[in-house]
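Asks: File follows, data.tsv with TSV, C-alpha atoms:
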```
chain	number	residue	atom	x	y	z
A	293	MET	CA	107.12	148.72	31.78
A	294	ALA	CA	109.24	148.76	28.63
A	295	GLY	CA	107.73	152.12	27.64
A	296	SER	CA	108.52	153.59	31.05
A	297	PHE	CA	112.12	152.35	30.85
A	298	SER	CA	112.54	153.78	27.35
A	299	ALA	CA	111.18	157.13	28.49
A	300	HIS	CA	113.64	157.16	31.40
A	301	VAL	CA	116.56	156.37	29.07
A	302	LEU	CA	115.42	159.16	26.75
A	303	ARG	CA	115.29	161.67	29.63
A	304	VAL	CA	118.78	160.68	30.80
A	305	THR	CA	120.13	160.91	27.25
A	306	VAL	CA	118.63	164.37	26.77
A	307	ALA	CA	119.98	165.50	30.15
A	308	LEU	CA	123.48	164.29	29.28
A	309	PHE	CA	123.30	166.01	25.90
A	310	VAL	CA	122.25	169.30	27.54
A	311	LEU	CA	125.06	168.95	30.09
A	312	GLN	CA	127.55	168.34	27.29
A	313	LEU	CA	126.37	171.49	25.51
A	314	ALA	CA	126.71	173.47	28.72
A	315	LEU	CA	130.28	172.22	29.20
A	316	LEU	CA	131.43	172.99	25.66
A	317	PRO	CA	132.51	176.59	26.40
A	318	MET	CA	134.54	175.44	29.41
A	319	MET	CA	136.10	172.61	27.40
A	320	ALA	CA	137.09	175.06	24.69
A	321	ILE	CA	138.70	177.34	27.27
A	322	ALA	CA	140.52	174.46	28.91
A	323	SER	CA	142.04	172.87	25.86
A	324	GLY	CA	141.91	175.49	23.13
A	325	ALA	CA	140.02	175.37	19.88
A	326	ASP	CA	140.28	172.21	17.82
A	327	PRO	CA	142.41	172.49	14.65
A	328	GLU	CA	140.43	173.14	11.47
A	329	GLN	CA	142.99	171.33	9.31
A	330	ASP	CA	145.46	168.45	9.50
A	331	PHE	CA	148.32	170.70	10.59
A	332	CYS	CA	149.47	174.31	10.64
A	333	VAL	CA	153.25	174.39	10.62
A	334	GLY	CA	154.19	177.77	12.02
A	335	ASP	CA	155.78	180.28	9.68
A	336	THR	CA	158.28	181.87	12.08
A	337	LYS	CA	159.39	184.38	9.44
A	338	ASN	CA	155.91	185.82	8.85
A	339	PRO	CA	155.59	189.19	10.67
A	340	THR	CA	151.79	188.98	10.86
A	341	ILE	CA	150.62	189.04	14.48
A	342	VAL	CA	147.89	186.51	15.32
A	343	ASN	CA	146.98	184.36	18.31
A	344	GLY	CA	149.70	181.83	17.56
A	345	LEU	CA	151.82	181.50	14.42
A	346	VAL	CA	150.64	182.00	10.85
A	347	CYS	CA	150.45	178.72	8.91
A	348	LYS	CA	153.20	177.89	6.47
A	349	ASN	CA	151.99	177.20	2.93
A	350	PRO	CA	151.03	173.47	3.04
A	351	ALA	CA	152.65	172.96	-0.34
A	352	LEU	CA	156.00	173.90	1.20
A	353	VAL	CA	155.70	171.68	4.28
A	354	LYS	CA	158.21	168.84	4.59
A	355	ALA	CA	158.64	165.90	6.96
A	356	SER	CA	161.49	167.80	8.62
A	357	ASP	CA	158.97	170.40	9.83
A	358	PHE	CA	157.59	167.74	12.19
A	359	MET	CA	161.00	166.85	13.61
A	360	PHE	CA	163.01	168.57	16.36
A	361	HIS	CA	166.56	167.68	17.40
A	362	GLY	CA	166.93	170.23	20.18
A	363	LEU	CA	166.23	167.91	23.10
A	364	ALA	CA	169.04	165.50	22.21
A	365	THR	CA	171.77	167.77	23.57
A	366	PRO	CA	172.19	168.63	27.27
A	367	GLY	CA	171.69	172.29	28.09
A	368	ASN	CA	174.38	174.54	29.54
A	369	THR	CA	174.02	174.48	33.34
A	370	ASN	CA	177.00	176.77	33.94
A	371	ASP	CA	174.99	179.61	35.44
A	372	PRO	CA	174.18	180.79	39.00
A	373	LEU	CA	171.06	178.58	39.19
A	374	GLY	CA	172.87	175.51	37.85
A	375	SER	CA	170.04	174.57	35.51
A	376	SER	CA	168.99	174.78	31.89
A	377	VAL	CA	165.58	174.48	30.24
A	378	THR	CA	165.51	173.66	26.53
A	379	PRO	CA	162.00	174.27	25.19
A	380	ALA	CA	160.34	172.56	22.25
A	381	ALA	CA	157.41	174.93	21.85
A	382	ALA	CA	156.01	176.36	18.63
A	383	ALA	CA	158.69	179.05	18.45
A	384	GLN	CA	161.43	176.40	18.37
A	385	PHE	CA	159.41	173.56	16.81
A	386	PRO	CA	156.93	175.08	14.32
A	387	GLY	CA	155.42	171.69	13.46
A	388	ILE	CA	153.46	171.63	16.73
A	389	ASN	CA	151.76	174.97	16.04
A	390	THR	CA	147.99	174.72	16.86
A	391	LEU	CA	148.37	171.13	18.12
A	392	GLY	CA	148.18	172.05	21.81
A	393	ILE	CA	151.35	170.26	22.94
A	394	SER	CA	154.99	171.05	23.67
A	395	MET	CA	157.98	169.59	25.49
A	396	ALA	CA	161.09	170.72	27.29
A	397	ARG	CA	164.35	169.24	28.49
A	398	LEU	CA	165.48	170.13	32.00
A	399	ASP	CA	169.17	169.72	32.87
A	400	PHE	CA	170.58	170.25	36.36
A	401	ALA	CA	174.09	170.55	37.71
A	402	LYS	CA	174.58	169.29	41.28
A	403	GLY	CA	172.27	171.42	43.43
A	404	GLY	CA	170.75	173.04	40.33
A	405	LEU	CA	167.37	174.74	40.55
A	406	VAL	CA	164.58	175.68	38.16
A	407	PRO	CA	163.22	178.51	40.33
A	408	PRO	CA	159.57	178.99	41.30
A	409	HIS	CA	157.63	179.83	38.15
A	410	THR	CA	154.25	179.41	36.46
A	411	HIS	CA	152.94	178.40	33.04
A	412	PRO	CA	149.77	180.47	32.57
A	413	ARG	CA	148.54	178.46	29.59
A	414	ALA	CA	149.47	174.86	30.40
A	415	THR	CA	149.53	171.95	32.79
A	416	GLU	CA	152.98	170.36	32.95
A	417	ILE	CA	153.98	166.75	33.57
A	418	ILE	CA	157.62	165.79	34.09
A	419	PHE	CA	159.49	162.50	33.81
A	420	VAL	CA	162.80	162.07	35.62
A	421	VAL	CA	165.35	160.58	33.23
A	422	GLU	CA	168.31	160.64	35.59
A	423	GLY	CA	168.96	161.74	39.18
A	424	SER	CA	166.65	162.86	41.98
A	425	LEU	CA	164.52	166.00	42.05
A	426	LEU	CA	162.70	167.77	44.86
A	427	VAL	CA	159.62	169.15	43.14
A	428	GLY	CA	156.49	170.90	44.30
A	429	PHE	CA	153.68	173.30	43.57
A	430	VAL	CA	151.58	175.68	45.68
A	431	SER	CA	147.79	175.68	45.39
A	432	THR	CA	145.75	178.88	45.34
A	433	ASN	CA	144.97	178.46	49.05
A	434	GLY	CA	148.68	178.42	49.89
A	435	THR	CA	149.13	174.66	50.36
A	436	LEU	CA	152.49	173.23	49.29
A	437	PHE	CA	152.51	169.83	47.59
A	438	ALA	CA	156.14	168.70	47.44
A	439	THR	CA	157.95	165.39	47.11
A	440	THR	CA	161.23	163.88	45.97
A	441	LEU	CA	161.25	162.12	42.61
A	442	GLN	CA	163.63	159.36	41.60
A	443	LYS	CA	164.65	158.13	38.14
A	444	GLY	CA	161.55	156.97	36.27
A	445	ASP	CA	159.07	158.93	38.42
A	446	VAL	CA	156.42	161.24	36.98
A	447	PHE	CA	154.84	164.34	38.58
A	448	VAL	CA	152.24	166.83	37.39
A	449	PHE	CA	152.00	170.57	37.96
A	450	PRO	CA	148.44	171.90	37.48
A	451	ARG	CA	147.98	174.76	35.05
A	452	GLY	CA	149.00	178.19	36.27
A	453	LEU	CA	150.24	177.12	39.72
A	454	LEU	CA	153.62	178.14	41.13
A	455	HIS	CA	156.11	175.25	40.99
A	456	PHE	CA	159.81	174.40	41.11
A	457	GLU	CA	162.39	171.64	40.57
A	458	LEU	CA	165.60	171.21	42.61
A	459	ASN	CA	168.34	168.63	42.02
A	460	VAL	CA	168.94	166.83	45.32
A	461	CYS	CA	171.20	164.01	44.13
A	462	ASP	CA	175.00	163.87	44.30
A	463	GLY	CA	175.44	164.32	40.54
A	464	THR	CA	173.65	165.82	37.58
A	465	ALA	CA	169.97	165.27	36.84
A	466	THR	CA	167.79	165.34	33.74
A	467	ALA	CA	164.03	165.46	33.23
A	468	ILE	CA	161.67	165.71	30.28
A	469	ALA	CA	158.54	167.84	30.54
A	470	ALA	CA	155.37	167.74	28.45
A	471	LEU	CA	152.82	170.57	28.40
A	472	ASN	CA	149.34	170.81	26.91
A	473	SER	CA	149.97	174.02	24.97
A	474	GLN	CA	152.18	174.83	22.00
A	475	ASN	CA	152.95	178.12	23.77
A	476	PRO	CA	152.65	177.56	27.53
A	477	GLY	CA	154.41	180.73	28.59
A	478	THR	CA	156.78	180.92	31.56
A	479	GLN	CA	156.84	183.53	34.32
A	480	ILE	CA	159.63	183.28	36.92
A	481	GLN	CA	158.16	184.83	40.04
A	482	ALA	CA	161.32	186.45	41.40
A	483	VAL	CA	162.05	188.08	38.04
A	484	ALA	CA	158.44	189.19	37.59
A	485	LEU	CA	158.42	190.82	41.00
A	486	PHE	CA	161.90	192.26	41.34
A	487	ASN	CA	163.22	192.74	37.79
A	488	SER	CA	160.16	193.95	35.89
A	489	GLY	CA	160.12	197.58	36.95
A	490	ILE	CA	157.44	197.32	39.65
A	491	SER	CA	157.72	200.35	41.92
A	492	GLU	CA	160.00	199.73	44.89
A	493	VAL	CA	157.35	201.37	47.07
A	494	VAL	CA	154.91	198.63	46.04
A	495	LEU	CA	157.44	195.92	46.86
A	496	GLU	CA	158.36	197.52	50.19
A	497	LYS	CA	154.73	197.58	51.28
A	498	ALA	CA	153.86	194.16	49.87
A	499	PHE	CA	156.73	192.36	51.62
A	500	GLY	CA	157.30	194.62	54.63
A	501	LEU	CA	160.85	195.39	53.51
A	502	GLY	CA	163.01	198.47	53.62
A	503	GLU	CA	164.19	200.30	50.51
A	504	LYS	CA	167.77	199.01	50.84
A	505	THR	CA	166.63	195.40	51.20
A	506	VAL	CA	164.42	195.64	48.11
A	507	GLN	CA	167.32	197.03	46.10
A	508	GLU	CA	169.58	194.21	47.33
A	509	ILE	CA	166.98	191.62	46.32
A	510	GLU	CA	166.61	193.22	42.90
A	511	ASP	CA	170.37	192.99	42.35
A	512	ALA	CA	170.50	189.39	43.63
A	513	VAL	CA	167.63	188.25	41.38
A	514	LYS	CA	169.25	189.87	38.35
A	515	ALA	CA	172.55	188.11	39.08
A	516	ALA	CA	170.93	184.73	39.78
A	517	ASN	CA	168.97	184.71	36.54
A	518	LYS	CA	171.80	185.91	34.31
A	519	LYS	CA	172.42	183.37	31.56
A	520	PRO	CA	175.94	182.54	30.31
```
Can you dump the structure from the file as C-alpha coordinates?
Replies:
Amino acid sequence: MAGSFSAHVLRVTVALFVLQLALLPMMAIASGADPEQDFCVGDTKNPTIVNGLVCKNPALVKASDFMFHGLATPGNTNDPLGSSVTPAAAAQFPGINTLGISMARLDFAKGGLVPPHTHPRATEIIFVVEGSLLVGFVSTNGTLFATTLQKGDVFVFPRGLLHFELNVCDGTATAIAALNSQNPGTQIQAVALFNSGISEVVLEKAFGLGEKTVQEIEDAVKAANKKP
(Lines of atoms letter the chains of each structure in order from A and count residues from 1; the text may use other names and numbers.)
(Lines give C-alpha, C1' and ligand atoms only; values in the text may rest on other atoms or scores of the structure.)
Protein backbone atom coordinates (compact mmCIF):
# COMPACT_ATOMS: atom_id res chain seq x y z
CA MET A 1 0.00 0.00 0.00
CA ALA A 2 2.76 2.41 1.01
CA GLY A 3 4.75 1.45 -2.10
CA SER A 4 1.74 2.08 -4.34
CA PHE A 5 1.15 5.49 -2.74
CA SER A 6 4.82 6.44 -3.15
CA ALA A 7 4.75 5.41 -6.79
CA HIS A 8 1.64 7.56 -7.35
CA VAL A 9 3.30 10.56 -5.68
CA LEU A 10 6.38 10.03 -7.86
CA ARG A 11 4.25 9.94 -11.04
CA VAL A 12 2.43 13.14 -10.06
CA THR A 13 5.72 14.86 -9.21
CA VAL A 14 7.25 13.87 -12.54
CA ALA A 15 4.12 15.01 -14.40
CA LEU A 16 4.20 18.40 -12.66
CA PHE A 17 7.89 18.77 -13.43
CA VAL A 18 7.28 18.00 -17.12
CA LEU A 19 4.38 20.47 -17.18
CA GLN A 20 6.59 23.13 -15.62
CA LEU A 21 9.24 22.55 -18.29
CA ALA A 22 6.62 22.82 -20.99
CA LEU A 23 5.38 26.14 -19.57
CA LEU A 24 8.82 27.72 -19.26
CA PRO A 25 8.88 29.18 -22.80
CA MET A 26 5.44 30.73 -22.29
CA MET A 27 6.45 32.10 -18.89
CA ALA A 28 9.54 33.67 -20.43
CA ILE A 29 7.43 35.29 -23.14
CA ALA A 30 4.90 36.55 -20.63
CA SER A 31 7.23 38.15 -18.15
CA GLY A 32 10.53 38.63 -19.96
CA ALA A 33 13.86 37.07 -19.17
CA ASP A 34 15.00 37.13 -15.56
CA PRO A 35 17.84 39.58 -14.79
CA GLU A 36 21.31 38.02 -14.76
CA GLN A 37 22.60 40.53 -12.20
CA ASP A 38 21.37 42.58 -9.24
CA PHE A 39 20.52 45.59 -11.41
CA CYS A 40 21.23 47.18 -14.77
CA VAL A 41 20.78 50.92 -14.47
CA GLY A 42 20.17 52.14 -17.99
CA ASP A 43 22.84 54.27 -19.62
CA THR A 44 20.62 56.70 -21.53
CA LYS A 45 23.63 58.38 -23.14
CA ASN A 46 25.01 55.19 -24.70
CA PRO A 47 24.15 55.13 -28.45
CA THR A 48 24.40 51.34 -28.68
CA ILE A 49 21.10 49.83 -29.81
CA VAL A 50 20.02 46.72 -27.87
CA ASN A 51 16.72 45.25 -26.69
CA GLY A 52 16.46 47.69 -23.80
CA LEU A 53 19.11 50.04 -22.44
CA VAL A 54 22.81 49.30 -22.09
CA CYS A 55 23.87 48.88 -18.45
CA LYS A 56 25.65 51.73 -16.74
CA ASN A 57 29.03 50.80 -15.25
CA PRO A 58 28.11 49.36 -11.80
CA ALA A 59 31.02 51.23 -10.26
CA LEU A 60 29.34 54.51 -11.24
CA VAL A 61 25.86 53.62 -9.95
CA LYS A 62 24.53 55.69 -7.06
CA ALA A 63 21.46 55.51 -4.83
CA SER A 64 19.98 58.40 -6.81
CA ASP A 65 19.80 56.13 -9.87
CA PHE A 66 17.04 54.19 -8.08
CA MET A 67 15.02 57.30 -7.26
CA PHE A 68 12.56 59.23 -9.45
CA HIS A 69 10.88 62.52 -8.51
CA GLY A 70 8.80 62.94 -11.66
CA LEU A 71 5.50 61.66 -10.27
CA ALA A 72 5.40 64.20 -7.45
CA THR A 73 4.31 67.05 -9.72
CA PRO A 74 0.92 67.21 -11.48
CA GLY A 75 1.11 67.11 -15.25
CA ASN A 76 -0.06 69.91 -17.53
CA THR A 77 -3.67 69.18 -18.52
CA ASN A 78 -4.06 72.35 -20.57
CA ASP A 79 -4.53 70.58 -23.89
CA PRO A 80 -7.53 69.58 -26.05
CA LEU A 81 -7.87 66.20 -24.29
CA GLY A 82 -7.60 67.72 -20.80
CA SER A 83 -5.21 65.04 -19.57
CA SER A 84 -1.55 64.39 -18.91
CA VAL A 85 0.39 61.15 -18.53
CA THR A 86 3.75 61.35 -16.77
CA PRO A 87 5.65 58.09 -17.34
CA ALA A 88 8.25 56.53 -15.09
CA ALA A 89 9.61 53.98 -17.55
CA ALA A 90 13.24 53.10 -18.21
CA ALA A 91 13.74 56.11 -20.47
CA GLN A 92 12.80 58.48 -17.64
CA PHE A 93 13.84 56.28 -14.70
CA PRO A 94 16.93 54.27 -15.75
CA GLY A 95 17.10 52.43 -12.42
CA ILE A 96 14.20 50.16 -13.42
CA ASN A 97 15.92 48.98 -16.61
CA THR A 98 15.56 45.15 -16.96
CA LEU A 99 13.40 44.94 -13.81
CA GLY A 100 10.12 44.51 -15.68
CA ILE A 101 8.18 47.29 -13.95
CA SER A 102 7.20 50.92 -14.55
CA MET A 103 4.70 53.49 -13.33
CA ALA A 104 2.86 56.53 -14.59
CA ARG A 105 0.92 59.43 -13.16
CA LEU A 106 -2.38 60.32 -14.83
CA ASP A 107 -3.79 63.82 -14.30
CA PHE A 108 -7.19 64.94 -15.59
CA ALA A 109 -8.86 68.30 -15.89
CA LYS A 110 -12.66 68.27 -15.58
CA GLY A 111 -13.90 66.05 -18.42
CA GLY A 112 -10.32 65.07 -19.31
CA LEU A 113 -9.66 61.93 -21.33
CA VAL A 114 -6.78 59.53 -21.87
CA PRO A 115 -7.97 58.35 -25.30
CA PRO A 116 -8.31 54.70 -26.37
CA HIS A 117 -4.83 53.21 -26.54
CA THR A 118 -2.87 49.99 -26.02
CA HIS A 119 0.32 48.91 -24.27
CA PRO A 120 1.70 46.09 -26.46
CA ARG A 121 4.22 44.92 -23.86
CA ALA A 122 2.42 45.29 -20.53
CA THR A 123 -0.62 44.73 -18.36
CA GLU A 124 -1.61 47.92 -16.54
CA ILE A 125 -3.24 48.38 -13.14
CA ILE A 126 -4.45 51.80 -12.00
CA PHE A 127 -5.26 53.24 -8.58
CA VAL A 128 -7.53 56.28 -8.32
CA VAL A 129 -5.94 58.83 -6.00
CA GLU A 130 -8.57 61.53 -6.40
CA GLY A 131 -11.81 61.96 -8.34
CA SER A 132 -13.93 59.55 -10.38
CA LEU A 133 -12.93 57.84 -13.62
CA LEU A 134 -14.95 56.00 -16.24
CA VAL A 135 -12.55 53.30 -17.41
CA GLY A 136 -12.82 50.33 -19.70
CA PHE A 137 -11.15 47.93 -22.10
CA VAL A 138 -12.31 45.97 -25.14
CA SER A 139 -11.54 42.25 -25.44
CA THR A 140 -10.43 40.66 -28.70
CA ASN A 141 -13.99 39.46 -29.35
CA GLY A 142 -15.28 43.04 -29.17
CA THR A 143 -16.74 42.95 -25.65
CA LEU A 144 -16.50 46.19 -23.66
CA PHE A 145 -15.73 45.94 -19.94
CA ALA A 146 -16.34 49.39 -18.46
CA THR A 147 -17.09 50.78 -15.02
CA THR A 148 -16.80 53.94 -12.94
CA LEU A 149 -14.02 54.06 -10.36
CA GLN A 150 -14.05 56.15 -7.22
CA LYS A 151 -11.17 57.34 -5.03
CA GLY A 152 -9.27 54.32 -3.72
CA ASP A 153 -10.52 51.91 -6.41
CA VAL A 154 -8.22 49.74 -8.52
CA PHE A 155 -8.77 48.43 -12.07
CA VAL A 156 -6.66 46.29 -14.40
CA PHE A 157 -6.24 46.48 -18.16
CA PRO A 158 -4.98 43.19 -19.66
CA ARG A 159 -1.88 43.34 -21.81
CA GLY A 160 -2.32 44.67 -25.32
CA LEU A 161 -6.06 45.42 -25.08
CA LEU A 162 -7.59 48.74 -26.10
CA HIS A 163 -8.50 50.84 -23.05
CA PHE A 164 -9.31 54.37 -21.89
CA GLU A 165 -9.82 56.62 -18.85
CA LEU A 166 -12.30 59.52 -18.66
CA ASN A 167 -12.73 61.95 -15.76
CA VAL A 168 -16.44 61.99 -14.84
CA CYS A 169 -16.29 63.97 -11.60
CA ASP A 170 -16.98 67.69 -11.14
CA GLY A 171 -13.32 68.55 -10.53
CA THR A 172 -9.86 67.27 -11.36
CA ALA A 173 -8.81 63.64 -11.00
CA THR A 174 -5.54 61.80 -10.47
CA ALA A 175 -4.54 58.17 -10.82
CA ILE A 176 -1.35 56.16 -10.52
CA ALA A 177 -0.65 53.32 -12.93
CA ALA A 178 1.74 50.39 -12.60
CA LEU A 179 2.82 48.24 -15.55
CA ASN A 180 4.76 44.98 -15.73
CA SER A 181 7.35 46.21 -18.23
CA GLN A 182 10.11 48.79 -18.01
CA ASN A 183 9.15 49.80 -21.56
CA PRO A 184 5.43 49.06 -22.04
CA GLY A 185 4.99 51.10 -25.19
CA THR A 186 1.88 53.17 -25.93
CA GLN A 187 -0.12 53.30 -29.15
CA ILE A 188 -3.03 55.76 -29.32
CA GLN A 189 -5.45 54.20 -31.79
CA ALA A 190 -6.76 57.39 -33.38
CA VAL A 191 -3.22 58.65 -33.98
CA ALA A 192 -2.04 55.27 -35.28
CA LEU A 193 -4.90 55.13 -37.76
CA PHE A 194 -5.32 58.71 -38.89
CA ASN A 195 -1.96 60.43 -38.27
CA SER A 196 0.56 57.75 -39.23
CA GLY A 197 0.46 58.08 -43.01
CA ILE A 198 -1.85 55.13 -43.73
CA SER A 199 -3.30 55.58 -47.21
CA GLU A 200 -6.60 57.45 -47.17
CA VAL A 201 -7.94 54.83 -49.59
CA VAL A 202 -7.32 52.17 -46.93
CA LEU A 203 -9.12 54.24 -44.30
CA GLU A 204 -12.02 55.02 -46.62
CA LYS A 205 -12.58 51.33 -47.33
CA ALA A 206 -11.99 50.18 -43.75
CA PHE A 207 -14.49 52.61 -42.21
CA GLY A 208 -16.88 53.16 -45.11
CA LEU A 209 -16.07 56.87 -45.21
CA GLY A 210 -15.68 59.39 -47.98
CA GLU A 211 -12.39 61.10 -48.79
CA LYS A 212 -13.49 64.43 -47.29
CA THR A 213 -14.59 62.80 -44.04
CA VAL A 214 -11.29 60.96 -43.67
CA GLN A 215 -9.38 64.21 -44.18
CA GLU A 216 -11.56 65.95 -41.58
CA ILE A 217 -10.91 63.14 -39.08
CA GLU A 218 -7.18 63.33 -39.75
CA ASP A 219 -7.20 67.06 -39.01
CA ALA A 220 -9.34 66.60 -35.89
CA VAL A 221 -7.10 63.85 -34.48
CA LYS A 222 -4.00 65.96 -35.07
CA ALA A 223 -5.57 68.91 -33.26
CA ALA A 224 -6.88 66.80 -30.35
CA ASN A 225 -3.52 65.19 -29.67
CA LYS A 226 -1.45 68.36 -29.95
CA LYS A 227 0.47 68.91 -26.73
CA PRO A 228 1.01 72.40 -25.25
Asks: Which residue is closest to Thr369 of chain A? Choose from A:Ala465, A:Leu453, A:Ile393, A:Leu436 and count all atoms listed in the file.
Replies: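 Under the stated criterion, the closest residue is A:Ala465.
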Asks: How many Å lie between atom CA of Ile480 of chain A and atom CA of Val333 of chain A, rounded to one decimal?
Replies: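 Atom-to-atom, atom CA of Ile480 of chain A to atom CA of Val333 of chain A, that is 28.5 Å.
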Asks: Could you give me, as a list in words, the residues within 7 Å of Thr390 of chain A, counting all atoms listed in the file and dropping anything in the same chain fewer than 6 positions from it?
Replies: Pro327, Cys332 and Gln474 of chain A
Asks: Could you put an axis-aligned box around every listed atom of segment 454-468 of chain A, padded by 4 Å on each side, and send me its centre and edge lengths in Å to one decimal, as JSON?
Replies:
```
{"center_x": 164.5, "center_y": 171.0, "center_z": 37.8, "size_x": 29.8, "size_y": 22.3, "size_z": 23.0}
```
Asks: To one decimal place, how far is atom CA of Phe499 of chain A from atom CA of Val513 of chain A in Å?
Replies: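 Going from atom CA of Phe499 of chain A over to atom CA of Val513 of chain A covers 15.5 Å.
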Asks: Please report the interatomic distance between atom CA of Asp330 of chain A and atom CA of Leu345 of chain A in Å with one decimal.
Replies: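 Separation of atom CA of Asp330 of chain A and atom CA of Leu345 of chain A: 15.3 Å.
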